[in-house]
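Peer 1: Could you have a look at this structure, given as structure tokens, before my questions?
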Amino acid sequence: MHDHQHVPMVPIVRGEGAWLIDAGGRRYLDGISSWWTNLFGHANPRIAAALAEQARTLEHVIFAGFTHPVAIELAERLVALTPQGLDKVFFADNGSAAIEVALKMSFHYWLNQGHGGKTRFIALTGSYHGETLGALSVSDVALYRKTYAPLLLTPMLAPSPDAYEGEPGESPEHVAMRRLAAMRVLLEGHAHETCAVIVEPLVQCAGGMRMHHAAFLTGLRALCDQYNVHLIADEIAVGFGRTGTLFACEQAHVAPDFMCLSKGLTGGTLPLSAVLTTQQVYDAFYAEYNAGKAFLHSHSYTGNPLACRAALETLNIFRDEPVLERNRTLATHLARRLAPLRDHPNVADLRQHGMIAAVELVADKASRRTFPSEERRGLRVYLHGLGRGALLRPLGNVIYFMPPYVVSEGEIDHLVDVAIEGITHAVA
């Protein structure tokens with residue numbers, strides 16, 4: 001917080017496509033989609049019109065004993081779009097809340113099935129799932145977790161399939177297979193007390209945009225089936241086209257037991273999240289009142305009509321426009337522009353899944369020796385970007401790109417040019 005004595009707070013008053021405009025009229029290309037939420041540009045006219053129409057009809061209604069057409073349609077659309085078998089939808093109002101729902105529902109399912117000894121969760125090293133206490137409990141980023149550790153559940157940590165951690169010459173797929181072997185050992189000893197394994201499919205975002213091969217998800221699904229534990233897929237950041245497919249799980253041809261969605265769900269306009277699960281999970285709670293099996297979890301703004309309407313219009317844009325095809329073209333252009341950084345003496349890794357790309361800055365390329373955190377090299381890139389009209393907000397010393405899908409190739413050029421300038425400045 002003390003940083004803001006010399007790092008400016010930027011007063012944004014307007015958004016336009018991939019750009020943000022501040023009170024002084026300065027423009028900033030939003031290279032991170034305002035924390036990975038915006039898909040189709042700021043002040044998108046289609047979503048804005050849908051919101052205005054909905055606001056004149058119904059802004060909110062209690063979602064206990066009541067429902068409304070927009071939530072019903074959104075649930076039906078999500079069931080149709082997500083992997084087969086995810087047939088039930090539970091609405092919440094942000095990503096962390098979705099994780100809380102999935103954790104509680106998984107535990108409660110096993111309790112209702114007579115397996116009350118299942119009380120623990122397995123997460124990956126380097127994972128991040130949110131900052132409420134339950135979500136933080138299954139996260140492994142010390143920056144967020146360390147202070148609150150006395151308040152948190154203690155997960156079992158399985159080694160991440162992060163391809164960057166591979167041995168010299170080891171392929172991402174081989175890293176995935178090796179990490180699956182470690183996961184098997186963990187499950188062999190602890191499946192009896194494990195509710196679920198929770199993962200971010202393909203990209204561990206807040207942990208540094210760490211990326212892994214889809215084979216890990218395929219193998220993990222098989223292990224969860226074999227050892228009778230749930231698989232929770234946190235697609236909050238990677239869902240809705242970020243990795244090249246509508247959902248990252250599609251690339252592994254798997255369906256999780258719980259899929260958590262948020263961020264891009266409304267195109268980046270309003271907070272909303274959804275947890276999709278199976279008929280089998282739903283049936284475990286379907287009982288008479290006196291059975292005491294009900295899933296009691298509610299939020300005041302659950303199923304908010306305005307947010308649901310924004311989500312529906314977001315899905316309509318995916319339906320009406322060749323979004324994923326255009327993204328593949330943009331992702332190819334982004335990869336081509338970033339390619340020269342592979343030879344940079346301070347770049348240890350250049351990685352990409354679809355519209356997410358990351359550059360790993362290090363003090364020494366050969367040894368992968370990192371810069372001391374107190375040197376704030378990533379902050380130098382951020383400040384250089386602001387001065388050049390680009391919002392680049394590194395994760396430590398990882399410079400990443402996750403722009404809105406309306407970005408042009410010329411705007412990608414601007415982001416990359418500014419990033420390269422910023423890296424040159426930061427490592428000097």
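Numbering starts fresh at 1 for the residues of each chain in the structure tokens, the chains themselves are lettered A, B, ... in the order given, and ligands are numbered from 1 as they appear.
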Might you pull out every residue within 7 Å of Gly354 in chain A, with only C-alpha atoms counted and same-chain residues fewer than 5 positions away left off, and present them as a compact mmCIF listing (two decimals) with N, CA and C atoms, in the first residue's frame?
Peer 2:
```txt
# COMPACT_ATOMS: atom_id res chain seq x y z
N ARG A 242 -10.20 -18.88 -23.26
CA ARG A 242 -8.86 -18.37 -23.01
C ARG A 242 -7.76 -19.29 -23.52
N THR A 243 -7.98 -20.61 -23.44
CA THR A 243 -6.91 -21.54 -23.79
C THR A 243 -7.02 -22.08 -25.21
N GLY A 244 -7.99 -21.60 -25.98
CA GLY A 244 -8.14 -22.05 -27.37
C GLY A 244 -9.40 -22.85 -27.60
N ARG A 328 -7.78 -18.03 -32.44
CA ARG A 328 -6.65 -18.84 -32.89
C ARG A 328 -5.72 -18.02 -33.78
N ALA A 331 -3.89 -15.62 -31.45
CA ALA A 331 -2.91 -16.34 -30.65
C ALA A 331 -1.66 -16.66 -31.47
```
Peer 1: Residues near range 9-22 of chain A, anyone? I mean within 6 Å using only C-alpha atoms, not counting same-chain ones fewer than 4 positions away, as a PDB file with C-alpha atoms, in the first residue's frame.
Peer 2:
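Final output, saved to selection17.pdb:
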```pdb
ATOM      1  CA  ARG A  26      -4.780   9.033 -21.491  1.00  0.00           C
ATOM      2  CA  ARG A  27      -5.480   5.648 -23.084  1.00  0.00           C
ATOM      3  CA  TYR A  28      -4.226   2.277 -21.845  1.00  0.00           C
ATOM      4  CA  LEU A  29      -4.451  -0.943 -23.826  1.00  0.00           C
ATOM      5  CA  ASP A  30      -5.867  -3.515 -21.407  1.00  0.00           C
ATOM      6  CA  GLY A  41     -14.246  -5.179 -24.919  1.00  0.00           C
ATOM      7  CA  HIS A  42     -15.174  -2.524 -22.408  1.00  0.00           C
ATOM      8  CA  ALA A  43     -18.634  -0.989 -22.791  1.00  0.00           C
ATOM      9  CA  VAL A 407      -7.890  -6.823 -29.650  1.00  0.00           C
TER      10      VAL A 407
END
```
Peer 1: At a cut-off of 10 Å, using only C-alpha atoms, what residues contact Gly85 in chain A? Leave out same-chain residues fewer than 3 positions from it and give the result as a JSON list (two decimals) with N, CA, C and O atoms, in the first residue's frame.
Peer 2:
```
[["chain", "number", "residue", "atom", "x", "y", "z"],
["A", 79, "VAL", "N", -25.36, -25.87, -19.27],
["A", 79, "VAL", "CA", -25.39, -27.33, -19.30],
["A", 79, "VAL", "C", -25.12, -27.83, -20.73],
["A", 79, "VAL", "O", -24.39, -28.81, -20.94],
["A", 80, "ALA", "N", -25.68, -27.14, -21.71],
["A", 80, "ALA", "CA", -25.50, -27.56, -23.11],
["A", 80, "ALA", "C", -24.07, -27.34, -23.59],
["A", 80, "ALA", "O", -23.59, -28.08, -24.45],
["A", 82, "THR", "N", -21.09, -27.06, -21.59],
["A", 82, "THR", "CA", -20.01, -27.66, -20.80],
["A", 82, "THR", "C", -19.91, -29.15, -21.09],
["A", 82, "THR", "O", -20.78, -29.74, -21.72],
["A", 88, "LYS", "N", -26.28, -30.06, -13.66],
["A", 88, "LYS", "CA", -26.91, -29.23, -12.62],
["A", 88, "LYS", "C", -26.06, -27.99, -12.39],
["A", 88, "LYS", "O", -24.82, -28.04, -12.45],
["A", 255, "ALA", "N", -14.63, -34.72, -18.28],
["A", 255, "ALA", "CA", -15.66, -33.98, -17.56],
["A", 255, "ALA", "C", -15.36, -34.09, -16.07],
["A", 255, "ALA", "O", -15.25, -35.20, -15.55],
["A", 256, "PRO", "N", -15.19, -32.98, -15.38],
["A", 256, "PRO", "CA", -14.97, -33.05, -13.93],
["A", 256, "PRO", "C", -16.28, -33.33, -13.19],
["A", 256, "PRO", "O", -17.35, -33.33, -13.80],
["A", 257, "ASP", "N", -16.18, -33.54, -11.91],
["A", 257, "ASP", "CA", -17.39, -33.69, -11.09],
["A", 257, "ASP", "C", -17.96, -32.32, -10.73],
["A", 257, "ASP", "O", -19.17, -32.20, -10.51],
["A", 276, "LEU", "N", -21.04, -26.09, -11.85],
["A", 276, "LEU", "CA", -21.78, -27.15, -12.53],
["A", 276, "LEU", "C", -21.37, -28.49, -11.95],
["A", 276, "LEU", "O", -20.19, -28.72, -11.67],
["A", 277, "THR", "N", -22.34, -29.36, -11.76],
["A", 277, "THR", "CA", -22.06, -30.67, -11.21],
["A", 277, "THR", "C", -22.98, -31.71, -11.83],
["A", 277, "THR", "O", -23.74, -31.40, -12.76],
["A", 278, "THR", "N", -22.93, -32.92, -11.31],
["A", 278, "THR", "CA", -23.59, -34.06, -11.94],
["A", 278, "THR", "C", -24.92, -34.38, -11.29],
["A", 278, "THR", "O", -25.20, -33.98, -10.16],
["A", 279, "GLN", "N", -25.71, -35.16, -12.00],
["A", 279, "GLN", "CA", -26.96, -35.66, -11.44],
["A", 279, "GLN", "C", -26.69, -36.50, -10.19],
["A", 279, "GLN", "O", -27.46, -36.44, -9.22],
["A", 280, "GLN", "N", -25.61, -37.25, -10.19],
["A", 280, "GLN", "CA", -25.27, -38.09, -9.04],
["A", 280, "GLN", "C", -25.06, -37.24, -7.79],
["A", 280, "GLN", "O", -25.53, -37.60, -6.70]]
```
Peer 1: Pull the closest atom pair for each residue of range 259-366 of chain A that gets at most 8 Å from range 105-123 of chain A, along with the distance in Å to one decimal, counting only C-alpha atoms, ordering rows by chain and then ascending residue number, as JSON lines.
Peer 2:
```
{"residue": "A:Val281", "atom": "CA", "partner": "A:Tyr109", "partner_atom": "CA", "distance": 6.4}
{"residue": "A:Ala284", "atom": "CA", "partner": "A:Tyr109", "partner_atom": "CA", "distance": 6.0}
{"residue": "A:Phe285", "atom": "CA", "partner": "A:Tyr109", "partner_atom": "CA", "distance": 7.3}
{"residue": "A:Lys293", "atom": "CA", "partner": "A:Asn112", "partner_atom": "CA", "distance": 6.4}
{"residue": "A:Phe295", "atom": "CA", "partner": "A:Met105", "partner_atom": "CA", "distance": 7.2}
```
Peer 1: Would you please work out which residue, of A:Ile412, A:Ile423, A:Ile399, A:Val275, is nearest to Asn346 in chain A when using only C-alpha atoms?
Peer 2: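 Looking at the shortest contact to Asn346 in chain A, the residue is A:Ile423.
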Peer 1: Tell me which protein, DNA and RNA residues are within 9 Å of range 47-61 of chain A, counting only C-alpha atoms, leaving out same-chain ones fewer than 5 positions away, and put them as number ranges by chain.
Peer 2: A: 66-68, 266-267, 269, 301-307, 309-314
Peer 1: Output N, CA, C and O atoms for every residue in that selection, as a CSV table (one decimal), in the first residue's frame.
Peer 2:
```csv
chain,number,residue,atom,x,y,z
A,66,PHE,N,-38.0,-18.9,-5.3
A,66,PHE,CA,-38.4,-18.1,-6.5
A,66,PHE,C,-37.3,-18.4,-7.6
A,66,PHE,O,-36.2,-18.8,-7.3
A,67,THR,N,-37.6,-18.1,-8.8
A,67,THR,CA,-36.7,-18.2,-9.9
A,67,THR,C,-37.1,-17.1,-10.9
A,67,THR,O,-38.0,-16.3,-10.7
A,68,HIS,N,-36.4,-17.1,-12.0
A,68,HIS,CA,-36.8,-16.2,-13.1
A,68,HIS,C,-36.3,-16.7,-14.4
A,68,HIS,O,-35.3,-17.5,-14.5
A,266,THR,N,-19.7,-13.3,-17.6
A,266,THR,CA,-20.5,-12.1,-17.9
A,266,THR,C,-19.8,-11.2,-18.9
A,266,THR,O,-20.3,-10.1,-19.1
A,267,GLY,N,-18.8,-11.7,-19.5
A,267,GLY,CA,-18.0,-10.8,-20.4
A,267,GLY,C,-17.2,-9.8,-19.7
A,267,GLY,O,-16.6,-8.9,-20.3
A,269,THR,N,-18.5,-7.8,-17.1
A,269,THR,CA,-19.4,-6.7,-16.8
A,269,THR,C,-19.9,-6.7,-15.3
A,269,THR,O,-19.9,-5.7,-14.7
A,301,TYR,N,-27.3,-12.2,-3.6
A,301,TYR,CA,-27.4,-11.9,-5.0
A,301,TYR,C,-27.3,-13.1,-5.9
A,301,TYR,O,-27.0,-13.0,-7.1
A,302,THR,N,-27.5,-14.3,-5.4
A,302,THR,CA,-27.5,-15.5,-6.2
A,302,THR,C,-28.5,-15.4,-7.3
A,302,THR,O,-29.6,-15.0,-7.2
A,303,GLY,N,-28.0,-15.7,-8.5
A,303,GLY,CA,-28.9,-15.7,-9.7
A,303,GLY,C,-29.4,-14.3,-10.1
A,303,GLY,O,-30.4,-14.2,-10.7
A,304,ASN,N,-28.6,-13.3,-9.8
A,304,ASN,CA,-29.0,-11.9,-10.1
A,304,ASN,C,-29.4,-11.8,-11.5
A,304,ASN,O,-28.6,-12.1,-12.4
A,305,PRO,N,-30.6,-11.3,-11.8
A,305,PRO,CA,-31.1,-11.2,-13.2
A,305,PRO,C,-30.2,-10.4,-14.1
A,305,PRO,O,-30.0,-10.7,-15.3
A,306,LEU,N,-29.6,-9.2,-13.6
A,306,LEU,CA,-28.8,-8.4,-14.5
A,306,LEU,C,-27.5,-9.2,-14.8
A,306,LEU,O,-27.1,-9.2,-16.0
A,307,ALA,N,-26.9,-9.8,-13.9
A,307,ALA,CA,-25.7,-10.6,-14.2
A,307,ALA,C,-26.0,-11.8,-15.1
A,307,ALA,O,-25.2,-12.0,-16.0
A,309,ARG,N,-28.3,-11.9,-17.3
A,309,ARG,CA,-28.6,-11.4,-18.6
A,309,ARG,C,-27.3,-11.0,-19.4
A,309,ARG,O,-27.1,-11.3,-20.6
A,310,ALA,N,-26.3,-10.5,-18.6
A,310,ALA,CA,-25.0,-10.2,-19.2
A,310,ALA,C,-24.4,-11.5,-19.7
A,310,ALA,O,-23.7,-11.5,-20.7
A,311,ALA,N,-24.5,-12.5,-18.9
A,311,ALA,CA,-23.9,-13.8,-19.2
A,311,ALA,C,-24.6,-14.4,-20.4
A,311,ALA,O,-23.9,-14.9,-21.3
A,312,LEU,N,-25.9,-14.3,-20.5
A,312,LEU,CA,-26.6,-14.8,-21.7
A,312,LEU,C,-26.1,-14.1,-23.0
A,312,LEU,O,-25.9,-14.7,-24.0
A,313,GLU,N,-26.0,-12.8,-22.9
A,313,GLU,CA,-25.5,-12.0,-24.1
A,313,GLU,C,-24.1,-12.4,-24.4
A,313,GLU,O,-23.7,-12.4,-25.6
A,314,THR,N,-23.3,-12.7,-23.4
A,314,THR,CA,-21.9,-13.1,-23.7
A,314,THR,C,-21.9,-14.4,-24.5
A,314,THR,O,-21.2,-14.6,-25.4
```
